[in-house]
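See below for start_17.cif, which holds mmCIF, C-alpha atoms.
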```
data_upload
#
loop_
_atom_site.group_PDB
_atom_site.id
_atom_site.type_symbol
_atom_site.label_atom_id
_atom_site.label_comp_id
_atom_site.auth_asym_id
_atom_site.auth_seq_id
_atom_site.Cartn_x
_atom_site.Cartn_y
_atom_site.Cartn_z
ATOM 1 C CA MET A 1 7.937 -95.917 81.620
ATOM 2 C CA SER A 2 10.732 -93.400 81.272
ATOM 3 C CA THR A 3 14.341 -94.409 81.908
ATOM 4 C CA ASN A 4 16.470 -92.118 84.031
ATOM 5 C CA VAL A 5 20.094 -91.740 82.988
ATOM 6 C CA LEU A 6 22.834 -90.145 85.062
ATOM 7 C CA ARG A 7 26.186 -88.847 83.785
ATOM 8 C CA THR A 8 29.360 -88.871 85.874
ATOM 9 C CA ALA A 9 33.055 -88.423 85.159
ATOM 10 C CA ASP A 10 33.160 -92.216 84.716
ATOM 11 C CA GLY A 11 30.415 -92.409 82.117
ATOM 12 C CA TRP A 12 26.672 -92.993 81.916
ATOM 13 C CA TRP A 13 24.427 -94.848 84.358
ATOM 14 C CA VAL A 14 20.812 -96.038 84.378
ATOM 15 C CA VAL A 15 19.158 -95.129 87.676
ATOM 16 C CA ARG A 16 16.995 -97.797 89.293
ATOM 17 C CA GLY A 17 15.699 -96.546 92.605
ATOM 18 C CA GLU A 18 18.601 -95.933 94.976
ATOM 19 C CA ARG A 19 21.134 -97.714 92.759
ATOM 20 C CA ALA A 20 22.579 -97.204 89.286
ATOM 21 C CA VAL A 21 23.899 -99.586 86.643
ATOM 22 C CA ARG A 22 26.679 -98.517 84.314
ATOM 23 C CA VAL A 23 25.773 -98.187 80.629
ATOM 24 C CA GLU A 24 28.323 -100.100 78.579
ATOM 25 C CA THR A 25 28.802 -97.545 75.819
ATOM 26 C CA LYS A 26 31.555 -95.567 74.171
ATOM 27 C CA ALA A 27 29.286 -92.528 74.064
ATOM 28 C CA VAL A 28 30.834 -89.340 75.396
ATOM 29 C CA THR A 29 28.253 -86.779 74.338
ATOM 30 C CA THR A 30 24.523 -86.775 74.921
ATOM 31 C CA ALA A 31 23.938 -87.126 71.179
ATOM 32 C CA GLU A 32 26.172 -90.209 71.075
ATOM 33 C CA LEU A 33 24.307 -91.753 73.999
ATOM 34 C CA LEU A 34 20.970 -91.165 72.289
ATOM 35 C CA ALA A 35 22.329 -92.999 69.262
ATOM 36 C CA ASP A 36 23.157 -95.988 71.490
ATOM 37 C CA ARG A 37 19.775 -96.578 73.108
ATOM 38 C CA ASP A 38 20.333 -100.350 72.956
ATOM 39 C CA ALA A 39 23.112 -99.993 75.533
ATOM 40 C CA VAL A 40 20.757 -97.992 77.764
ATOM 41 C CA ARG A 41 18.073 -100.677 77.444
ATOM 42 C CA GLU A 42 20.591 -103.405 78.318
ATOM 43 C CA ALA A 43 21.623 -101.549 81.461
ATOM 44 C CA ALA A 44 18.002 -100.991 82.434
ATOM 45 C CA ALA A 45 17.281 -104.727 82.028
ATOM 46 C CA SER A 46 20.500 -105.869 83.714
ATOM 47 C CA ALA A 47 20.329 -108.169 86.746
ATOM 48 C CA GLU A 48 23.344 -106.374 88.223
ATOM 49 C CA SER A 49 22.667 -104.816 91.638
ATOM 50 C CA GLY A 50 24.544 -101.672 90.678
ATOM 51 C CA THR A 51 26.207 -98.859 92.582
ATOM 52 C CA PRO A 52 24.509 -96.652 95.202
ATOM 53 C CA VAL A 53 23.390 -93.442 93.527
ATOM 54 C CA ALA A 54 24.529 -91.570 96.638
ATOM 55 C CA ASP A 55 28.120 -92.562 95.803
ATOM 56 C CA LEU A 56 27.976 -90.955 92.346
ATOM 57 C CA VAL A 57 28.710 -87.301 91.553
ATOM 58 C CA ALA A 58 26.239 -86.200 88.893
ATOM 59 C CA LEU A 59 27.382 -84.052 85.984
ATOM 60 C CA PRO A 60 24.893 -82.246 83.736
ATOM 61 C CA PRO A 61 23.302 -84.917 81.513
ATOM 62 C CA VAL A 62 23.330 -82.488 78.577
ATOM 63 C CA THR A 63 26.882 -82.246 77.258
ATOM 64 C CA THR A 64 28.365 -79.147 75.675
ATOM 65 C CA PRO A 65 28.790 -77.552 73.219
ATOM 66 C CA CYS A 66 25.175 -77.686 72.105
ATOM 67 C CA ARG A 67 22.389 -75.299 71.192
ATOM 68 C CA VAL A 68 20.430 -73.968 74.151
ATOM 69 C CA VAL A 69 17.210 -72.222 73.147
ATOM 70 C CA ALA A 70 14.616 -70.884 75.593
ATOM 71 C CA GLN A 71 11.012 -69.706 75.496
ATOM 72 C CA MET A 72 10.113 -66.366 77.070
ATOM 73 C CA VAL A 73 6.958 -65.895 79.188
ATOM 74 C CA ASN A 74 5.391 -69.267 78.466
ATOM 75 C CA TYR A 75 3.185 -69.842 81.530
ATOM 76 C CA HIS A 76 -0.031 -67.972 82.246
ATOM 77 C CA SER A 77 1.038 -67.424 85.867
ATOM 78 C CA HIS A 78 4.372 -65.945 84.766
ATOM 79 C CA ALA A 79 2.600 -63.700 82.255
ATOM 80 C CA ARG A 80 0.403 -62.303 85.038
ATOM 81 C CA ASP A 81 3.438 -61.711 87.252
ATOM 82 C CA SER A 82 5.160 -59.952 84.353
ATOM 83 C CA GLY A 83 2.252 -57.606 83.716
ATOM 84 C CA PHE A 84 1.237 -59.001 80.320
ATOM 85 C CA ARG A 85 -2.344 -58.553 79.171
ATOM 86 C CA GLY A 86 -4.071 -60.223 76.240
ATOM 87 C CA GLU A 87 -2.302 -62.467 73.726
ATOM 88 C CA ILE A 88 1.403 -63.077 74.279
ATOM 89 C CA PRO A 89 3.472 -63.590 71.110
ATOM 90 C CA PRO A 90 5.690 -66.694 71.265
ATOM 91 C CA THR A 91 9.290 -65.551 71.716
ATOM 92 C CA PHE A 92 12.582 -67.455 71.778
ATOM 93 C CA PHE A 93 16.089 -66.512 72.847
ATOM 94 C CA ARG A 94 19.453 -68.254 73.050
ATOM 95 C CA LYS A 95 21.671 -69.061 76.016
ATOM 96 C CA ALA A 96 25.355 -69.921 75.830
ATOM 97 C CA SER A 97 25.855 -73.635 76.423
ATOM 98 C CA GLY A 98 28.821 -72.675 78.598
ATOM 99 C CA SER A 99 26.225 -71.681 81.195
ATOM 100 C CA ILE A 100 25.264 -75.340 81.750
ATOM 101 C CA SER A 101 26.410 -76.726 85.090
ATOM 102 C CA GLY A 102 25.756 -79.756 87.272
ATOM 103 C CA PRO A 103 22.676 -80.301 89.449
ATOM 104 C CA ASN A 104 24.613 -79.763 92.671
ATOM 105 C CA GLU A 105 27.194 -77.200 91.591
ATOM 106 C CA GLU A 106 27.173 -73.737 93.100
ATOM 107 C CA ILE A 107 25.540 -70.897 91.172
ATOM 108 C CA VAL A 108 28.103 -68.096 91.063
ATOM 109 C CA ARG A 109 26.766 -64.563 91.091
ATOM 110 C CA PRO A 110 29.094 -62.170 89.207
ATOM 111 C CA ALA A 111 30.264 -59.202 91.278
ATOM 112 C CA HIS A 112 28.351 -56.658 89.154
ATOM 113 C CA VAL A 113 25.016 -58.507 89.393
ATOM 114 C CA LYS A 114 22.776 -57.263 92.193
ATOM 115 C CA PHE A 115 19.447 -58.870 91.263
ATOM 116 C CA LEU A 116 19.855 -62.602 90.685
ATOM 117 C CA ASP A 117 16.691 -64.597 89.957
ATOM 118 C CA TYR A 118 15.659 -68.248 89.525
ATOM 119 C CA GLU A 119 13.399 -69.924 86.938
ATOM 120 C CA VAL A 120 12.680 -73.642 87.182
ATOM 121 C CA GLU A 121 12.113 -74.973 83.656
ATOM 122 C CA LEU A 122 11.434 -78.218 81.843
ATOM 123 C CA GLY A 123 14.106 -78.885 79.232
ATOM 124 C CA LEU A 124 13.392 -80.879 76.069
ATOM 125 C CA VAL A 125 16.411 -82.830 74.826
ATOM 126 C CA MET A 126 16.307 -83.414 71.105
ATOM 127 C CA GLY A 127 16.764 -86.949 69.824
ATOM 128 C CA ALA A 128 16.551 -86.335 66.073
ATOM 129 C CA PRO A 129 17.319 -83.467 63.699
ATOM 130 C CA LEU A 130 14.640 -80.796 63.457
ATOM 131 C CA PRO A 131 15.147 -79.149 60.041
ATOM 132 C CA VAL A 132 13.885 -75.679 59.243
ATOM 133 C CA GLY A 133 10.286 -75.898 58.036
ATOM 134 C CA THR A 134 9.340 -78.942 60.142
ATOM 135 C CA VAL A 135 5.761 -79.058 61.406
ATOM 136 C CA VAL A 136 5.490 -81.026 64.654
ATOM 137 C CA GLU A 137 2.128 -82.442 65.707
ATOM 138 C CA GLU A 138 1.520 -83.870 69.169
ATOM 139 C CA ARG A 139 1.816 -87.386 67.785
ATOM 140 C CA ASP A 140 5.231 -86.498 66.337
ATOM 141 C CA LEU A 141 6.878 -85.524 69.639
ATOM 142 C CA PRO A 142 8.432 -88.987 70.262
ATOM 143 C CA ARG A 143 10.117 -88.721 66.855
ATOM 144 C CA TYR A 144 11.995 -85.540 67.767
ATOM 145 C CA VAL A 145 12.227 -85.363 71.571
ATOM 146 C CA ALA A 146 14.309 -88.078 73.227
ATOM 147 C CA GLY A 147 13.897 -87.005 76.811
ATOM 148 C CA LEU A 148 13.476 -84.390 79.508
ATOM 149 C CA VAL A 149 15.786 -82.661 81.948
ATOM 150 C CA LEU A 150 15.258 -80.382 84.933
ATOM 151 C CA THR A 151 16.866 -76.961 84.475
ATOM 152 C CA ASN A 152 17.063 -73.573 86.193
ATOM 153 C CA ASP A 153 17.228 -70.542 83.912
ATOM 154 C CA VAL A 154 19.176 -68.312 86.316
ATOM 155 C CA SER A 155 18.875 -64.651 85.345
ATOM 156 C CA ALA A 156 20.735 -61.424 86.103
ATOM 157 C CA ARG A 157 17.711 -59.128 86.053
ATOM 158 C CA ASP A 158 19.646 -55.853 86.201
ATOM 159 C CA VAL A 159 21.558 -56.862 83.055
ATOM 160 C CA GLN A 160 18.440 -58.223 81.354
ATOM 161 C CA LEU A 161 16.265 -55.172 81.905
ATOM 162 C CA THR A 162 18.693 -52.289 81.533
ATOM 163 C CA LYS A 163 20.361 -53.727 78.426
ATOM 164 C CA THR A 164 17.295 -55.581 77.085
ATOM 165 C CA GLN A 165 19.869 -58.331 76.771
ATOM 166 C CA PHE A 166 18.632 -61.876 77.417
ATOM 167 C CA TYR A 167 21.729 -63.588 76.022
ATOM 168 C CA GLU A 168 24.178 -61.952 78.405
ATOM 169 C CA SER A 169 21.894 -61.907 81.442
ATOM 170 C CA LYS A 170 21.247 -65.654 81.252
ATOM 171 C CA SER A 171 24.566 -66.967 79.934
ATOM 172 C CA TYR A 172 27.111 -66.507 82.704
ATOM 173 C CA PRO A 173 28.845 -69.729 83.817
ATOM 174 C CA THR A 174 26.627 -71.805 86.170
ATOM 175 C CA PHE A 175 23.453 -69.995 85.020
ATOM 176 C CA THR A 176 21.844 -73.192 83.644
ATOM 177 C CA PRO A 177 22.026 -75.954 86.259
ATOM 178 C CA ALA A 178 20.805 -79.155 84.570
ATOM 179 C CA GLY A 179 19.954 -82.588 85.895
ATOM 180 C CA PRO A 180 20.408 -84.783 87.731
ATOM 181 C CA HIS A 181 18.509 -87.110 85.409
ATOM 182 C CA LEU A 182 18.024 -87.272 81.695
ATOM 183 C CA ALA A 183 14.628 -88.967 81.524
ATOM 184 C CA LEU A 184 14.468 -90.912 78.262
ATOM 185 C CA LEU A 185 10.822 -91.269 77.293
ATOM 186 C CA ASP A 186 8.872 -94.092 75.735
ATOM 187 C CA PRO A 187 6.205 -92.973 73.243
ATOM 188 C CA GLU A 188 3.392 -93.554 75.728
ATOM 189 C CA ASP A 189 5.061 -91.262 78.293
ATOM 190 C CA PHE A 190 4.301 -88.167 76.208
ATOM 191 C CA ALA A 191 0.620 -88.431 77.082
ATOM 192 C CA HIS A 192 1.578 -87.566 80.672
ATOM 193 C CA LEU A 193 3.542 -84.370 80.015
ATOM 194 C CA LEU A 194 0.802 -82.036 81.259
ATOM 195 C CA ASP A 195 0.869 -83.856 84.617
ATOM 196 C CA LEU A 196 4.459 -82.790 85.227
ATOM 197 C CA ARG A 197 4.706 -80.475 88.227
ATOM 198 C CA LEU A 198 7.502 -77.921 88.479
ATOM 199 C CA ARG A 199 8.509 -76.958 92.020
ATOM 200 C CA LEU A 200 11.254 -74.650 93.263
ATOM 201 C CA SER A 201 12.034 -73.508 96.786
ATOM 202 C CA VAL A 202 14.661 -71.206 98.276
ATOM 203 C CA ASN A 203 15.897 -72.089 101.751
ATOM 204 C CA GLY A 204 12.940 -74.453 102.141
ATOM 205 C CA VAL A 205 10.282 -71.863 101.220
ATOM 206 C CA THR A 206 8.256 -72.678 98.092
ATOM 207 C CA ARG A 207 8.523 -70.034 95.382
ATOM 208 C CA GLN A 208 7.217 -71.814 92.254
ATOM 209 C CA ASP A 209 4.690 -74.653 91.996
ATOM 210 C CA ARG A 210 2.746 -75.307 88.766
ATOM 211 C CA THR A 211 2.021 -78.073 86.283
ATOM 212 C CA LEU A 212 2.521 -77.934 82.524
ATOM 213 C CA ALA A 213 -1.217 -77.341 82.204
ATOM 214 C CA ASP A 214 -0.353 -73.679 82.931
ATOM 215 C CA MET A 215 1.847 -73.566 79.819
ATOM 216 C CA ILE A 216 0.864 -71.206 76.983
ATOM 217 C CA VAL A 217 2.757 -72.688 74.003
ATOM 218 C CA ARG A 218 3.169 -76.428 74.474
ATOM 219 C CA PRO A 219 6.123 -78.465 73.179
ATOM 220 C CA ALA A 220 4.817 -79.553 69.757
ATOM 221 C CA GLN A 221 3.726 -76.043 68.842
ATOM 222 C CA ALA A 222 6.949 -74.574 70.250
ATOM 223 C CA LEU A 223 9.075 -76.850 68.073
ATOM 224 C CA THR A 224 6.982 -75.962 65.016
ATOM 225 C CA LEU A 225 7.418 -72.229 65.676
ATOM 226 C CA LEU A 226 11.119 -72.614 66.374
ATOM 227 C CA ALA A 227 11.615 -74.631 63.178
ATOM 228 C CA ARG A 228 10.477 -71.643 61.134
ATOM 229 C CA PHE A 229 14.029 -70.313 61.473
ATOM 230 C CA GLN A 230 16.141 -72.591 63.688
ATOM 231 C CA THR A 231 17.588 -76.055 63.107
ATOM 232 C CA LEU A 232 18.020 -78.340 66.115
ATOM 233 C CA ASP A 233 20.111 -81.502 66.355
ATOM 234 C CA PRO A 234 20.274 -84.476 68.743
ATOM 235 C CA GLY A 235 21.543 -83.383 72.127
ATOM 236 C CA ASP A 236 20.313 -79.778 71.741
ATOM 237 C CA LEU A 237 18.205 -78.331 74.533
ATOM 238 C CA LEU A 238 14.967 -76.320 74.512
ATOM 239 C CA LEU A 239 13.948 -74.682 77.794
ATOM 240 C CA THR A 240 10.173 -74.330 77.802
ATOM 241 C CA GLY A 241 9.588 -71.397 80.138
ATOM 242 C CA THR A 242 8.960 -70.924 83.847
ATOM 243 C CA PRO A 243 5.828 -70.596 85.993
ATOM 244 C CA GLY A 244 4.985 -67.575 88.106
ATOM 245 C CA GLY A 245 6.718 -67.018 91.397
ATOM 246 C CA THR A 246 10.060 -65.573 90.342
ATOM 247 C CA ALA A 247 11.527 -62.700 92.341
ATOM 248 C CA LEU A 248 10.935 -60.236 89.505
ATOM 249 C CA LYS A 249 7.401 -58.858 89.302
ATOM 250 C CA ALA A 250 5.987 -56.118 87.110
ATOM 251 C CA PRO A 251 5.241 -52.846 88.951
ATOM 252 C CA PRO A 252 1.601 -51.793 89.406
ATOM 253 C CA LYS A 253 0.068 -50.360 86.228
ATOM 254 C CA PRO A 254 -0.046 -46.723 87.438
ATOM 255 C CA VAL A 255 3.621 -46.861 88.388
ATOM 256 C CA GLU A 256 4.469 -48.493 85.052
ATOM 257 C CA LYS A 257 2.676 -45.726 83.121
ATOM 258 C CA ILE A 258 4.488 -42.984 85.028
ATOM 259 C CA SER A 259 7.841 -44.744 84.593
ATOM 260 C CA ALA A 260 7.335 -44.893 80.840
ATOM 261 C CA LEU A 261 7.474 -41.102 80.760
ATOM 262 C CA LEU A 262 10.875 -40.950 82.435
ATOM 263 C CA PRO A 263 14.281 -41.017 80.723
ATOM 264 C CA PRO A 264 15.669 -44.602 80.730
ATOM 265 C CA ALA A 265 18.446 -43.895 83.240
ATOM 266 C CA VAL A 266 16.020 -42.295 85.680
ATOM 267 C CA LYS A 267 13.409 -45.016 85.140
ATOM 268 C CA TRP A 268 15.778 -47.882 85.863
ATOM 269 C CA LYS A 269 17.346 -46.142 88.846
ATOM 270 C CA ALA A 270 13.894 -45.754 90.396
ATOM 271 C CA PHE A 271 12.849 -49.302 89.484
ATOM 272 C CA PHE A 272 15.898 -50.974 91.023
ATOM 273 C CA LYS A 273 15.717 -48.765 94.093
ATOM 274 C CA GLY A 274 12.340 -50.377 94.674
ATOM 275 C CA GLN A 275 13.633 -53.854 93.789
ATOM 276 C CA ALA A 276 16.371 -53.491 96.409
ATOM 277 C CA LYS A 277 13.641 -53.905 99.037
ATOM 278 C CA ASN A 278 12.549 -57.231 97.504
ATOM 279 C CA PRO A 279 13.907 -60.076 99.699
ATOM 280 C CA ARG A 280 13.192 -62.774 97.100
ATOM 281 C CA TYR A 281 16.293 -62.176 94.961
ATOM 282 C CA LEU A 282 19.054 -64.723 95.452
ATOM 283 C CA ARG A 283 21.874 -63.995 97.858
ATOM 284 C CA ASP A 284 25.133 -65.607 98.908
ATOM 285 C CA GLY A 285 24.380 -68.743 100.937
ATOM 286 C CA ASP A 286 20.871 -69.359 99.585
ATOM 287 C CA LEU A 287 19.981 -72.960 98.742
ATOM 288 C CA ILE A 288 17.703 -73.621 95.757
ATOM 289 C CA THR A 289 15.857 -76.939 95.588
ATOM 290 C CA ALA A 290 13.982 -77.864 92.412
ATOM 291 C CA THR A 291 12.031 -80.890 91.204
ATOM 292 C CA ILE A 292 9.935 -81.874 88.189
ATOM 293 C CA ALA A 293 7.824 -85.032 88.319
ATOM 294 C CA THR A 294 4.380 -86.479 87.679
ATOM 295 C CA PRO A 295 2.324 -87.274 90.799
ATOM 296 C CA ASP A 296 2.548 -91.012 90.123
ATOM 297 C CA GLY A 297 6.318 -90.945 89.592
ATOM 298 C CA ARG A 298 6.032 -92.229 86.039
ATOM 299 C CA ILE A 299 8.324 -89.370 85.012
ATOM 300 C CA ASP A 300 10.687 -88.038 87.682
ATOM 301 C CA LEU A 301 13.624 -85.801 86.747
ATOM 302 C CA GLY A 302 15.188 -85.985 90.198
ATOM 303 C CA GLU A 303 16.025 -83.276 92.699
ATOM 304 C CA GLN A 304 18.395 -80.384 92.024
ATOM 305 C CA ARG A 305 20.095 -78.696 94.977
ATOM 306 C CA THR A 306 22.229 -75.685 94.148
ATOM 307 C CA ALA A 307 23.736 -73.187 96.546
ATOM 308 C CA VAL A 308 24.346 -69.553 95.593
ATOM 309 C CA THR A 309 27.744 -68.005 96.132
ATOM 310 C CA ASP A 310 29.218 -64.636 95.266
ATOM 311 C CA ALA A 311 32.135 -64.479 92.842
ATOM 312 C CA PRO A 312 35.446 -63.637 94.543
#
```
What's the structure tokens form of this structure?
Amino acid sequence: MSTNVLRTADGWWVVRGERAVRVETKAVTTAELLADRDAVREAAASAESGTPVADLVALPPVTTPCRVVAQMVNYHSHARDSGFRGEIPPTFFRKASGSISGPNEEIVRPAHVKFLDYEVELGLVMGAPLPVGTVVEERDLPRYVAGLVLTNDVSARDVQLTKTQFYESKSYPTFTPAGPHLALLDPEDFAHLLDLRLRLSVNGVTRQDRTLADMIVRPAQALTLLARFQTLDPGDLLLTGTPGGTALKAPPKPVEKISALLPPAVKWKAFFKGQAKNPRYLRDGDLITATIATPDGRIDLGEQRTAVTDAP
């Protein structure tokens, strides 16, 4: 069974139901905690009754600075929404780790961003170095991946599309809510990854709901492809893509073909004029709720509740 760990300003805690037991460790960073798994095991086995989880203020369980790498268009449902046809080449991009925020912190929309979108994603937290050239088979995942974390890859679509700039559009502060739990996996837990169900709702209305079975490039293959050019270290984070259901959708094919003939400035002006009628983009006061778990609760990354607010 996986072990859920919570981070607060006072340190690390093992979550056991509604209560949490402090991990007696000097670890400050996620990488340091992963190197002190004995302390985590001792807390998990402790007879102490613990502290009510409701009394703890969760910080992101992935500490910064760290590498944050993400996969683009990695669910079949998202590919359909995005207008992709045929084979989709695996693509990675980076996010600034300064975008990581807590599971209950507000998401702040910058004043110049008009089209703010959500993307619930499963995050892989590395537990061992992944050197360039590493080939990762399914059986090797427990060697490299220590655990999982719930994340939201918040995206400024007007920046992303007009500038073709993923890094900026997804790296503003608070654009990667993470947590509440870091689920540390036992080797046998990896056999249940495809049962994980990603759910996201806005103001109580479901927007995204898929399992990892919808994923195009699964974790072992993703790490192999990434290791062709990128080193990862313990505590680094790989976001593995989002299912369909985001606010952004590709225009109908006839419209897309006509738009391709227009000058870029005219094309984007027309596109966003249409997007302005889309009520699914995030607005001030919206509440996003996200979960990732297996149906049997064997792996449960907790619930993330983040409100959206406009920058002053």
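Here, the PyMOL selection byres ((chain A and resi 69) around 6) matches Val68, Ala70, Phe93, Arg94 and Leu238 of chain A.
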Any chance you could resolve the PyMOL selection byres ((chain A and resi 181-188) around 8) against this file and give the residues as a list in words?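 The output of the PyMOL selection byres ((chain A and resi 181-188) around 8) on this file is Met1, Ser2, Thr3, Asn4, Val5, Leu6, Pro61, Val62, Pro142, Ala146, Gly147, Leu148, Val149, Leu150, Gly179, Pro180, Asp189, Phe190, Ala191, His192, Ile299, Asp300, Leu301 and Gly302 of chain A.
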From the options A:Gly245, A:Ser201, A:Ala20, A:Tyr281, which residue's atoms come nearest to A:Ala45, counting all atoms listed in the file?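 Closest candidate: A:Ala20.
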Which neighbours of A:Asp117 fall inside 9 Å, counting only C-alpha atoms, when residues of the same chain fewer than 4 positions from it are skipped, and could you give them as JSON, numbers by chain? {"A": [153, 154, 155, 156, 157, 246, 247, 248, 280, 281, 282]}
Report as a PDB file with C-alpha atoms, keeping the file's coordinate frame the full result of the PyMOL selection byres ((chain A and resi 73) around 10) when it is applied to this structure.
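Result went into out32.pdb, see below:
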```
ATOM      1  CA  ALA A  70      14.616 -70.884  75.593  1.00  0.00           C
ATOM      2  CA  GLN A  71      11.012 -69.706  75.496  1.00  0.00           C
ATOM      3  CA  MET A  72      10.113 -66.366  77.070  1.00  0.00           C
ATOM      4  CA  ASN A  74       5.391 -69.267  78.466  1.00  0.00           C
ATOM      5  CA  TYR A  75       3.185 -69.842  81.530  1.00  0.00           C
ATOM      6  CA  HIS A  76      -0.031 -67.972  82.246  1.00  0.00           C
ATOM      7  CA  SER A  77       1.038 -67.424  85.867  1.00  0.00           C
ATOM      8  CA  HIS A  78       4.372 -65.945  84.766  1.00  0.00           C
ATOM      9  CA  ALA A  79       2.600 -63.700  82.255  1.00  0.00           C
ATOM     10  CA  ARG A  80       0.403 -62.303  85.038  1.00  0.00           C
ATOM     11  CA  ASP A  81       3.438 -61.711  87.252  1.00  0.00           C
ATOM     12  CA  SER A  82       5.160 -59.952  84.353  1.00  0.00           C
ATOM     13  CA  PHE A  84       1.237 -59.001  80.320  1.00  0.00           C
ATOM     14  CA  ILE A  88       1.403 -63.077  74.279  1.00  0.00           C
ATOM     15  CA  PRO A  89       3.472 -63.590  71.110  1.00  0.00           C
ATOM     16  CA  PRO A  90       5.690 -66.694  71.265  1.00  0.00           C
ATOM     17  CA  THR A  91       9.290 -65.551  71.716  1.00  0.00           C
ATOM     18  CA  PHE A  92      12.582 -67.455  71.778  1.00  0.00           C
ATOM     19  CA  MET A 215       1.847 -73.566  79.819  1.00  0.00           C
ATOM     20  CA  ILE A 216       0.864 -71.206  76.983  1.00  0.00           C
ATOM     21  CA  VAL A 217       2.757 -72.688  74.003  1.00  0.00           C
ATOM     22  CA  THR A 240      10.173 -74.330  77.802  1.00  0.00           C
ATOM     23  CA  GLY A 241       9.588 -71.397  80.138  1.00  0.00           C
ATOM     24  CA  THR A 242       8.960 -70.924  83.847  1.00  0.00           C
ATOM     25  CA  PRO A 243       5.828 -70.596  85.993  1.00  0.00           C
ATOM     26  CA  GLY A 244       4.985 -67.575  88.106  1.00  0.00           C
TER      27      GLY A 244
END
```
So the first atom is atom CA of A:Val14 and the second is atom CA of A:Ser101; what is the distance between them in Å, to one decimal place?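 Between atom CA of A:Val14 and atom CA of A:Ser101 the gap works out to 20.1 Å.
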Rank A:Leu59, A:Ala213, A:Met126, A:Ile107 by their smallest atom-to-atom distance to A:Glu32, using all atoms listed in the file, and report the top residue only. A:Met126
